[in-house]
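What follows is the content of input03.pdb (PDB, C-alpha atoms, pLDDT in the B column).
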ATOM      1  CA  ALA C 327      25.045 -51.527  58.058  1.00 73.00           C
ATOM      2  CA  GLN C 328      25.011 -48.577  60.388  1.00 81.00           C
ATOM      3  CA  SER C 329      21.770 -47.917  62.218  1.00 89.00           C
ATOM      4  CA  VAL C 330      20.321 -45.971  65.114  1.00 94.00           C
ATOM      5  CA  THR C 331      17.457 -47.250  67.246  1.00 95.00           C
ATOM      6  CA  GLN C 332      15.315 -45.189  69.564  1.00 96.00           C
ATOM      7  CA  PRO C 333      13.080 -47.821  71.126  1.00 96.00           C
ATOM      8  CA  ASP C 334      10.599 -45.427  72.721  1.00 95.00           C
ATOM      9  CA  ILE C 335       8.285 -43.647  70.301  1.00 95.00           C
ATOM     10  CA  HIS C 336       6.492 -41.713  73.036  1.00 96.00           C
ATOM     11  CA  ILE C 337       7.437 -40.961  76.631  1.00 97.00           C
ATOM     12  CA  THR C 338       5.335 -39.107  79.194  1.00 97.00           C
ATOM     13  CA  VAL C 339       6.801 -37.747  82.407  1.00 97.00           C
ATOM     14  CA  SER C 340       5.601 -35.382  85.095  1.00 97.00           C
ATOM     15  CA  GLU C 341       7.213 -31.997  85.439  1.00 97.00           C
ATOM     16  CA  GLY C 342      10.089 -32.233  87.889  1.00 97.00           C
ATOM     17  CA  ALA C 343      10.629 -35.936  87.296  1.00 97.00           C
ATOM     18  CA  SER C 344      13.832 -37.347  85.851  1.00 97.00           C
ATOM     19  CA  LEU C 345      14.110 -38.345  82.217  1.00 97.00           C
ATOM     20  CA  GLU C 346      16.084 -40.895  80.251  1.00 98.00           C
ATOM     21  CA  LEU C 347      15.728 -41.327  76.497  1.00 98.00           C
ATOM     22  CA  ARG C 348      17.348 -44.371  74.997  1.00 98.00           C
ATOM     23  CA  CYS C 349      19.516 -44.578  71.905  1.00 97.00           C
ATOM     24  CA  ASN C 350      21.329 -47.623  70.566  1.00 96.00           C
ATOM     25  CA  TYR C 351      23.555 -47.600  67.522  1.00 93.00           C
ATOM     26  CA  SER C 352      25.210 -50.091  65.274  1.00 90.00           C
ATOM     27  CA  TYR C 353      28.591 -49.060  63.935  1.00 82.00           C
ATOM     28  CA  GLY C 354      31.911 -50.806  63.688  1.00 73.00           C
ATOM     29  CA  ALA C 355      34.200 -48.057  64.902  1.00 77.00           C
ATOM     30  CA  THR C 356      33.841 -45.315  67.482  1.00 77.00           C
ATOM     31  CA  PRO C 357      31.032 -43.160  66.175  1.00 85.00           C
ATOM     32  CA  TYR C 358      30.355 -39.487  66.401  1.00 91.00           C
ATOM     33  CA  LEU C 359      27.117 -39.213  68.377  1.00 93.00           C
ATOM     34  CA  PHE C 360      24.576 -36.431  68.589  1.00 95.00           C
ATOM     35  CA  TRP C 361      21.290 -35.619  70.273  1.00 97.00           C
ATOM     36  CA  TYR C 362      18.986 -33.071  68.651  1.00 97.00           C
ATOM     37  CA  VAL C 363      15.703 -31.587  69.827  1.00 97.00           C
ATOM     38  CA  GLN C 364      12.844 -30.479  67.603  1.00 95.00           C
ATOM     39  CA  SER C 365      10.068 -28.249  68.888  1.00 93.00           C
ATOM     40  CA  PRO C 366       6.795 -28.244  66.939  1.00 88.00           C
ATOM     41  CA  GLY C 367       7.107 -26.519  63.587  1.00 85.00           C
ATOM     42  CA  GLN C 368      10.826 -25.950  64.045  1.00 88.00           C
ATOM     43  CA  GLY C 369      14.054 -27.362  62.738  1.00 89.00           C
ATOM     44  CA  LEU C 370      16.382 -29.507  64.789  1.00 93.00           C
ATOM     45  CA  GLN C 371      18.686 -27.980  67.369  1.00 95.00           C
ATOM     46  CA  LEU C 372      21.793 -29.647  68.750  1.00 95.00           C
ATOM     47  CA  LEU C 373      21.607 -30.593  72.438  1.00 97.00           C
ATOM     48  CA  LEU C 374      24.979 -32.265  72.766  1.00 96.00           C
ATOM     49  CA  LYS C 375      27.591 -34.303  70.952  1.00 94.00           C
ATOM     50  CA  TYR C 376      30.210 -36.930  71.646  1.00 93.00           C
ATOM     51  CA  PHE C 377      33.363 -37.246  69.610  1.00 88.00           C
ATOM     52  CA  SER C 378      35.902 -38.735  72.005  1.00 84.00           C
ATOM     53  CA  GLY C 379      37.235 -38.449  75.538  1.00 85.00           C
ATOM     54  CA  ASP C 380      35.001 -38.261  78.595  1.00 87.00           C
ATOM     55  CA  THR C 381      32.044 -40.554  78.028  1.00 90.00           C
ATOM     56  CA  LEU C 382      29.670 -38.296  79.984  1.00 95.00           C
ATOM     57  CA  VAL C 383      28.908 -35.187  77.987  1.00 96.00           C
ATOM     58  CA  GLN C 384      27.013 -32.112  79.054  1.00 96.00           C
ATOM     59  CA  GLY C 385      24.733 -30.214  76.755  1.00 96.00           C
ATOM     60  CA  ILE C 386      22.412 -27.274  76.702  1.00 95.00           C
ATOM     61  CA  LYS C 387      19.227 -26.912  78.728  1.00 94.00           C
ATOM     62  CA  GLY C 388      20.551 -29.153  81.519  1.00 96.00           C
ATOM     63  CA  PHE C 389      20.778 -32.323  79.403  1.00 97.00           C
ATOM     64  CA  GLU C 390      23.562 -34.863  79.577  1.00 97.00           C
ATOM     65  CA  ALA C 391      24.321 -38.125  77.777  1.00 98.00           C
ATOM     66  CA  GLU C 392      26.578 -41.057  78.473  1.00 96.00           C
ATOM     67  CA  PHE C 393      28.398 -43.046  75.812  1.00 94.00           C
ATOM     68  CA  LYS C 394      28.648 -46.721  76.706  1.00 93.00           C
ATOM     69  CA  ARG C 395      30.704 -48.582  74.156  1.00 91.00           C
ATOM     70  CA  SER C 396      29.958 -52.008  75.653  1.00 91.00           C
ATOM     71  CA  GLN C 397      26.230 -51.447  75.261  1.00 93.00           C
ATOM     72  CA  SER C 398      26.410 -49.438  72.004  1.00 92.00           C
ATOM     73  CA  SER C 399      24.277 -46.845  73.706  1.00 95.00           C
ATOM     74  CA  PHE C 400      24.145 -43.079  74.043  1.00 96.00           C
ATOM     75  CA  ASN C 401      21.239 -42.348  76.368  1.00 98.00           C
ATOM     76  CA  LEU C 402      20.057 -38.826  77.058  1.00 98.00           C
ATOM     77  CA  ARG C 403      19.210 -37.787  80.616  1.00 98.00           C
ATOM     78  CA  LYS C 404      17.862 -34.842  82.538  1.00 98.00           C
ATOM     79  CA  PRO C 405      17.459 -34.808  86.322  1.00 97.00           C
ATOM     80  CA  SER C 406      14.346 -32.631  86.417  1.00 97.00           C
ATOM     81  CA  VAL C 407      12.122 -32.061  83.408  1.00 97.00           C
ATOM     82  CA  HIS C 408      10.478 -28.725  82.702  1.00 96.00           C
ATOM     83  CA  TRP C 409       7.239 -28.250  80.742  1.00 96.00           C
ATOM     84  CA  SER C 410       9.255 -26.495  78.032  1.00 95.00           C
ATOM     85  CA  ASP C 411      11.175 -29.734  77.372  1.00 97.00           C
ATOM     86  CA  ALA C 412       8.156 -31.198  75.603  1.00 97.00           C
ATOM     87  CA  ALA C 413       9.426 -31.841  72.075  1.00 97.00           C
ATOM     88  CA  GLU C 414      10.733 -34.589  69.838  1.00 96.00           C
ATOM     89  CA  TYR C 415      14.252 -35.846  70.410  1.00 97.00           C
ATOM     90  CA  PHE C 416      16.496 -37.430  67.819  1.00 97.00           C
ATOM     91  CA  CYS C 417      19.663 -39.403  68.260  1.00 96.00           C
ATOM     92  CA  ALA C 418      22.090 -39.369  65.337  1.00 94.00           C
ATOM     93  CA  VAL C 419      25.341 -41.017  64.337  1.00 91.00           C
ATOM     94  CA  GLY C 420      28.065 -39.618  62.151  1.00 87.00           C
ATOM     95  CA  ALA C 421      29.504 -42.692  60.549  1.00 74.00           C
ATOM     96  CA  GLY C 422      32.697 -41.332  59.072  1.00 73.00           C
ATOM     97  CA  THR C 423      30.963 -40.117  55.957  1.00 79.00           C
ATOM     98  CA  TYR C 424      28.635 -37.251  55.242  1.00 80.00           C
ATOM     99  CA  LYS C 425      25.634 -39.527  55.673  1.00 81.00           C
ATOM    100  CA  TYR C 426      24.435 -38.918  59.182  1.00 87.00           C
ATOM    101  CA  ILE C 427      22.044 -41.588  60.413  1.00 90.00           C
ATOM    102  CA  PHE C 428      19.079 -40.432  62.462  1.00 92.00           C
ATOM    103  CA  GLY C 429      16.866 -42.433  64.763  1.00 94.00           C
ATOM    104  CA  THR C 430      13.113 -42.266  64.306  1.00 94.00           C
ATOM    105  CA  GLY C 431      12.700 -39.962  67.275  1.00 95.00           C
ATOM    106  CA  THR C 432      11.114 -39.998  70.730  1.00 97.00           C
ATOM    107  CA  ARG C 433       8.263 -37.638  71.416  1.00 96.00           C
ATOM    108  CA  LEU C 434       8.293 -36.327  74.989  1.00 97.00           C
ATOM    109  CA  LYS C 435       5.138 -35.184  76.733  1.00 97.00           C
ATOM    110  CA  VAL C 436       5.403 -33.383  80.058  1.00 97.00           C
ATOM    111  CA  LEU C 437       2.508 -33.430  82.515  1.00 96.00           C
ATOM    112  CA  ALA C 438       1.989 -30.387  84.704  1.00 89.00           C
TER
ATOM    113  CA  ASN L1164      22.889 -14.703  62.904  1.00 62.00           C
ATOM    114  CA  ALA L1165      20.456 -16.144  60.388  1.00 76.00           C
ATOM    115  CA  GLY L1166      22.119 -19.592  60.249  1.00 94.00           C
ATOM    116  CA  VAL L1167      20.288 -21.702  57.674  1.00 96.00           C
ATOM    117  CA  THR L1168      17.409 -20.106  55.813  1.00 96.00           C
ATOM    118  CA  GLN L1169      14.896 -22.074  53.769  1.00 96.00           C
ATOM    119  CA  THR L1170      12.216 -20.797  51.463  1.00 95.00           C
ATOM    120  CA  PRO L1171       9.316 -21.237  51.168  1.00 96.00           C
ATOM    121  CA  LYS L1172       7.960 -22.371  54.545  1.00 95.00           C
ATOM    122  CA  PHE L1173       4.781 -23.855  53.089  1.00 96.00           C
ATOM    123  CA  GLN L1174       3.826 -25.005  49.607  1.00 96.00           C
ATOM    124  CA  VAL L1175       0.959 -26.858  47.995  1.00 97.00           C
ATOM    125  CA  LEU L1176       1.551 -28.396  44.590  1.00 97.00           C
ATOM    126  CA  LYS L1177      -0.584 -30.321  42.182  1.00 97.00           C
ATOM    127  CA  THR L1178       0.660 -33.664  40.944  1.00 98.00           C
ATOM    128  CA  GLY L1179       3.052 -33.133  38.059  1.00 97.00           C
ATOM    129  CA  GLN L1180       4.002 -29.576  38.936  1.00 97.00           C
ATOM    130  CA  SER L1181       7.598 -28.614  39.538  1.00 96.00           C
ATOM    131  CA  MET L1182       9.200 -26.432  42.168  1.00 96.00           C
ATOM    132  CA  THR L1183      12.537 -25.539  43.711  1.00 97.00           C
ATOM    133  CA  LEU L1184      13.242 -25.301  47.414  1.00 98.00           C
ATOM    134  CA  GLN L1185      15.910 -22.789  48.273  1.00 97.00           C
ATOM    135  CA  CYS L1186      18.442 -22.985  51.076  1.00 97.00           C
ATOM    136  CA  ALA L1187      21.192 -20.617  52.125  1.00 97.00           C
ATOM    137  CA  GLN L1188      23.646 -20.655  55.030  1.00 97.00           C
ATOM    138  CA  ASP L1189      25.767 -17.817  56.321  1.00 96.00           C
ATOM    139  CA  MET L1190      28.191 -19.805  58.503  1.00 96.00           C
ATOM    140  CA  ASN L1191      30.789 -20.474  55.793  1.00 95.00           C
ATOM    141  CA  HIS L1192      30.112 -24.204  56.098  1.00 96.00           C
ATOM    142  CA  ASN L1193      31.541 -26.557  53.535  1.00 95.00           C
ATOM    143  CA  SER L1194      28.810 -29.185  53.484  1.00 95.00           C
ATOM    144  CA  MET L1195      25.089 -28.934  52.920  1.00 96.00           C
ATOM    145  CA  TYR L1196      22.242 -31.454  53.018  1.00 96.00           C
ATOM    146  CA  TRP L1197      18.618 -31.982  52.136  1.00 97.00           C
ATOM    147  CA  TYR L1198      16.491 -34.255  54.321  1.00 97.00           C
ATOM    148  CA  ARG L1199      12.871 -35.213  54.331  1.00 97.00           C
ATOM    149  CA  GLN L1200      10.978 -35.954  57.523  1.00 95.00           C
ATOM    150  CA  ASP L1201       7.988 -38.255  57.546  1.00 93.00           C
ATOM    151  CA  PRO L1202       6.050 -39.456  60.603  1.00 88.00           C
ATOM    152  CA  GLY L1203       7.703 -42.426  62.273  1.00 84.00           C
ATOM    153  CA  MET L1204      10.648 -42.441  59.867  1.00 86.00           C
ATOM    154  CA  GLY L1205      12.987 -39.860  61.299  1.00 88.00           C
ATOM    155  CA  LEU L1206      15.063 -37.853  58.857  1.00 92.00           C
ATOM    156  CA  ARG L1207      16.128 -39.406  55.581  1.00 94.00           C
ATOM    157  CA  LEU L1208      18.895 -37.949  53.491  1.00 94.00           C
ATOM    158  CA  ILE L1209      17.902 -37.005  49.956  1.00 97.00           C
ATOM    159  CA  TYR L1210      21.109 -35.427  48.632  1.00 97.00           C
ATOM    160  CA  TYR L1211      24.171 -33.830  50.078  1.00 96.00           C
ATOM    161  CA  SER L1212      27.013 -31.634  48.933  1.00 96.00           C
ATOM    162  CA  ALA L1213      30.283 -32.320  50.705  1.00 94.00           C
ATOM    163  CA  SER L1214      31.859 -29.195  49.281  1.00 93.00           C
ATOM    164  CA  GLU L1215      31.186 -26.538  46.708  1.00 93.00           C
ATOM    165  CA  GLY L1216      31.000 -28.109  43.267  1.00 91.00           C
ATOM    166  CA  THR L1217      30.075 -31.616  44.417  1.00 94.00           C
ATOM    167  CA  THR L1218      26.769 -33.348  45.046  1.00 96.00           C
ATOM    168  CA  ASP L1219      25.932 -36.946  45.948  1.00 95.00           C
ATOM    169  CA  LYS L1220      22.858 -39.066  46.414  1.00 95.00           C
ATOM    170  CA  GLY L1221      21.596 -39.943  49.827  1.00 93.00           C
ATOM    171  CA  GLU L1222      19.125 -42.571  50.916  1.00 91.00           C
ATOM    172  CA  VAL L1223      16.059 -41.390  48.962  1.00 95.00           C
ATOM    173  CA  PRO L1224      17.156 -39.400  45.867  1.00 97.00           C
ATOM    174  CA  ASN L1225      14.551 -40.576  43.348  1.00 96.00           C
ATOM    175  CA  GLY L1226      12.372 -37.769  42.033  1.00 96.00           C
ATOM    176  CA  TYR L1227      14.728 -35.011  43.177  1.00 98.00           C
ATOM    177  CA  ASN L1228      17.614 -33.015  41.798  1.00 97.00           C
ATOM    178  CA  VAL L1229      19.946 -30.599  43.536  1.00 98.00           C
ATOM    179  CA  SER L1230      22.267 -27.757  42.685  1.00 97.00           C
ATOM    180  CA  ARG L1231      25.081 -26.382  44.809  1.00 96.00           C
ATOM    181  CA  LEU L1232      24.945 -22.899  43.393  1.00 90.00           C
ATOM    182  CA  ASN L1233      27.882 -21.605  45.439  1.00 95.00           C
ATOM    183  CA  LYS L1234      29.269 -22.198  48.906  1.00 96.00           C
ATOM    184  CA  ARG L1235      26.224 -20.569  50.541  1.00 97.00           C
ATOM    185  CA  GLU L1236      23.339 -21.970  48.530  1.00 97.00           C
ATOM    186  CA  PHE L1237      21.978 -25.467  47.915  1.00 98.00           C
ATOM    187  CA  SER L1238      18.666 -25.928  46.136  1.00 98.00           C
ATOM    188  CA  LEU L1239      16.373 -28.938  45.820  1.00 98.00           C
ATOM    189  CA  ARG L1240      14.182 -29.378  42.758  1.00 98.00           C
ATOM    190  CA  LEU L1241      11.130 -31.541  42.254  1.00 97.00           C
ATOM    191  CA  GLU L1242      10.656 -31.889  38.513  1.00 93.00           C
ATOM    192  CA  SER L1243       7.280 -33.614  38.575  1.00 96.00           C
ATOM    193  CA  ALA L1244       5.767 -33.691  42.025  1.00 96.00           C
ATOM    194  CA  ALA L1245       4.006 -36.822  43.270  1.00 97.00           C
ATOM    195  CA  PRO L1246       1.799 -37.297  46.349  1.00 97.00           C
ATOM    196  CA  SER L1247       4.535 -39.517  47.818  1.00 97.00           C
ATOM    197  CA  GLN L1248       6.694 -36.408  48.042  1.00 97.00           C
ATOM    198  CA  THR L1249       4.355 -34.819  50.561  1.00 97.00           C
ATOM    199  CA  SER L1250       6.675 -34.268  53.493  1.00 97.00           C
ATOM    200  CA  VAL L1251       8.576 -31.752  55.551  1.00 96.00           C
ATOM    201  CA  TYR L1252      11.904 -30.873  53.972  1.00 97.00           C
ATOM    202  CA  PHE L1253      14.902 -29.692  55.945  1.00 97.00           C
ATOM    203  CA  CYS L1254      18.102 -28.166  54.734  1.00 97.00           C
ATOM    204  CA  ALA L1255      21.166 -28.464  56.947  1.00 96.00           C
ATOM    205  CA  SER L1256      24.799 -27.487  56.872  1.00 96.00           C
ATOM    206  CA  THR L1257      27.978 -28.656  58.602  1.00 94.00           C
ATOM    207  CA  ARG L1258      31.489 -27.299  58.730  1.00 93.00           C
ATOM    208  CA  ASP L1259      32.788 -30.699  57.714  1.00 88.00           C
ATOM    209  CA  ARG L1260      31.751 -34.348  57.984  1.00 82.00           C
ATOM    210  CA  ASP L1261      30.856 -35.667  61.412  1.00 81.00           C
ATOM    211  CA  THR L1262      30.471 -32.183  62.858  1.00 87.00           C
ATOM    212  CA  GLU L1263      27.268 -30.778  64.256  1.00 90.00           C
ATOM    213  CA  ALA L1264      24.541 -29.950  61.801  1.00 93.00           C
ATOM    214  CA  PHE L1265      22.604 -26.710  61.721  1.00 94.00           C
ATOM    215  CA  PHE L1266      19.092 -26.981  60.378  1.00 95.00           C
ATOM    216  CA  GLY L1267      16.707 -24.629  58.688  1.00 95.00           C
ATOM    217  CA  GLN L1268      13.137 -24.320  59.911  1.00 94.00           C
ATOM    218  CA  GLY L1269      11.753 -26.605  57.245  1.00 95.00           C
ATOM    219  CA  THR L1270       9.406 -26.494  54.272  1.00 96.00           C
ATOM    220  CA  ARG L1271       6.072 -28.216  54.620  1.00 96.00           C
ATOM    221  CA  LEU L1272       5.156 -29.487  51.147  1.00 97.00           C
ATOM    222  CA  THR L1273       1.830 -30.995  50.225  1.00 97.00           C
ATOM    223  CA  VAL L1274       1.274 -32.582  46.824  1.00 97.00           C
ATOM    224  CA  VAL L1275      -2.363 -33.094  45.895  1.00 97.00           C
TER
END
Hey, can you dump this file as structure tokens for me?
Amino acid sequence: AQSVTQPDIHITVSEGASLELRCNYSYGATPYLFWYVQSPGQGLQLLLKYFSGDTLVQGIKGFEAEFKRSQSSFNLRKPSVHWSDAAEYFCAVGAGTYKYIFGTGTRLKVLA
Amino acid sequence: NAGVTQTPKFQVLKTGQSMTLQCAQDMNHNSMYWYRQDPGMGLRLIYYSASEGTTDKGEVPNGYNVSRLNKREFSLRLESAAPSQTSVYFCASTRDRDTEAFFGQGTRLTVV
């Protein structure tokens, strides 16, 4: 069965430090991959997506993610975190149906 | 651009009461979804509508019904609310399957 795992429930980083959020998926074919961000009390907003082609994708707000087929991973990165990046981040897989599969989320805290 | 609009934003129900959550999108998207978000569980799909005139069950459909009123609107009905339905509900829409989802701001529902 398809699944998405975000192993880190909480991550704390200092402002200006680099960030990597992990996402592993289980899916037989090449998946459609997404990262969303949710600020408190808000809906989810798309950060970036991977459908095919270049395995390093750029998104909004300075985020990027790399698709690694051999590791079944799609980790999200940012070189320098800003206090406004504090939010919850969700990885999701589009598995060829309308049933997107979401990870359980990683809550990011940023220290001033 | 309004995007996806959900009403109401907050609701408190007594056990056994009924209510309908409304959702409308103005992006001419074909597909619409209802998710619930619970702490530590990510987003779980309740029902979806791949296109106008069709609806299908998601992961957690029990206790809910939906109506795709037209291409713009997709409502979620709780016929007899239970405390286990206390959650945050999100409506989303996509142009097609495996494309990026646009989310509403959510409805925080408490059943007492």
- request: Would you give me, as a ChimeraX atom specification, the residues of chain L that come within 12 Å of chain C, using all atoms listed in the file?
  value: /L:1166-1169,1172-1173,1193-1214,1218-1223,1251-1271
statement: The residue from L:Thr1178, L:Asn1191, L:Thr1183, L:Val1229 with the smallest atom-to-atom distance to Ser1247 in chain L, counting all atoms listed in the file, is L:Thr1178
- request: Report the distance between CA of Asn1228 in chain L and CA of Ser1243 in chain L in Å, rounded to one decimal place.
  value: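 Taking CA of Asn1228 in chain L as the start and CA of Ser1243 in chain L as the end point, the length is 10.8 Å.
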task: State, in Å with one decimal place, the distance from CA of Thr1249 in chain L to CA of Glu414 in chain C.
output: 20.3 Å
field: Test item: residues at most 9 Å from Val407 in chain C, all atoms listed in the file, excluding those fewer than 2 positions along its chain, as a ChimeraX atom specification
entry: /C:339-345,404-405,409-412,436
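What separates CA of Tyr353 in chain C from CA of Gln328 in chain C is a distance of 5.1 Å.
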Residue contacts of Cys349 in chain C (6 Å, only C-alpha atoms) excluding same-chain residues fewer than 3 positions away, as a list in words: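 Returned residues: Thr331, Gln332, Ser399, Phe400 and Asn401 of chain C.
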Output C-alpha atoms for every residue in that selection, as a CSV table (one decimal), keeping the file's coordinate frame.
chain,number,residue,atom,x,y,z
C,331,THR,CA,17.5,-47.2,67.2
C,332,GLN,CA,15.3,-45.2,69.6
C,399,SER,CA,24.3,-46.8,73.7
C,400,PHE,CA,24.1,-43.1,74.0
C,401,ASN,CA,21.2,-42.3,76.4
task: Check what the PyMOL selection byres ((chain L and resi 1233) around 10) selects in the file above and give those residues as a list in words.
output: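 The output of the PyMOL selection byres ((chain L and resi 1233) around 10) on this file is Ala1187, Ser1214, Glu1215, Gly1216, Ser1230, Arg1231, Leu1232, Lys1234, Arg1235, Glu1236 and Phe1237 of chain L.
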Store the residues of this selection in a file with C-alpha atoms, as a CSV table (one decimal), in the coordinates of the input.
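out-v2.csv, written as the output of this step:
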chain,number,residue,atom,x,y,z
L,1187,ALA,CA,21.2,-20.6,52.1
L,1214,SER,CA,31.9,-29.2,49.3
L,1215,GLU,CA,31.2,-26.5,46.7
L,1216,GLY,CA,31.0,-28.1,43.3
L,1230,SER,CA,22.3,-27.8,42.7
L,1231,ARG,CA,25.1,-26.4,44.8
L,1232,LEU,CA,24.9,-22.9,43.4
L,1234,LYS,CA,29.3,-22.2,48.9
L,1235,ARG,CA,26.2,-20.6,50.5
L,1236,GLU,CA,23.3,-22.0,48.5
L,1237,PHE,CA,22.0,-25.5,47.9
message: Using only C-alpha atoms, list the residues that have an atom at most 7 Å from (-3.1, -31.1, 49.2), coordinates as in the file, as a PyMOL selection string.
response: chain L and resi 1175+1273-1275
message: I need the output of the PyMOL selection byres ((chain L and resi 1227) around 7) for this file as a ChimeraX atom specification; which residues are they?
response: /L:1224-1226,1228-1229,1239-1242
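Residue nearest Pro333 in chain C, chosen from C:Leu402, C:Ala413, C:Leu437, C:Leu347 and counting all atoms listed in the file: C:Leu347.
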Give, as AutoDock Vina command-line options, the centre coordinates and the x, y and z edge lengths in Å to one decimal for an axis-aligned box around all listed atoms of range 352-355 of chain C, padded by 6 Å on each side.
--center_x 29.7 --center_y -49.4 --center_z 64.5 --size_x 21.0 --size_y 14.7 --size_z 13.6
- prompt: Exactly which residues make up the result of the PyMOL selection byres ((chain C and resi 395) around 10) on this file, given as a PyMOL selection string?
  reply: chain C and resi 351+355-357+381+392-394+396-400
query: Pick from C:His336, C:Gly388, C:Ala327, C:Ala438: nearest to Gly354 in chain C, with only C-alpha atoms counted?
result: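 Smallest distance to Gly354 in chain C is found for C:Ala327.
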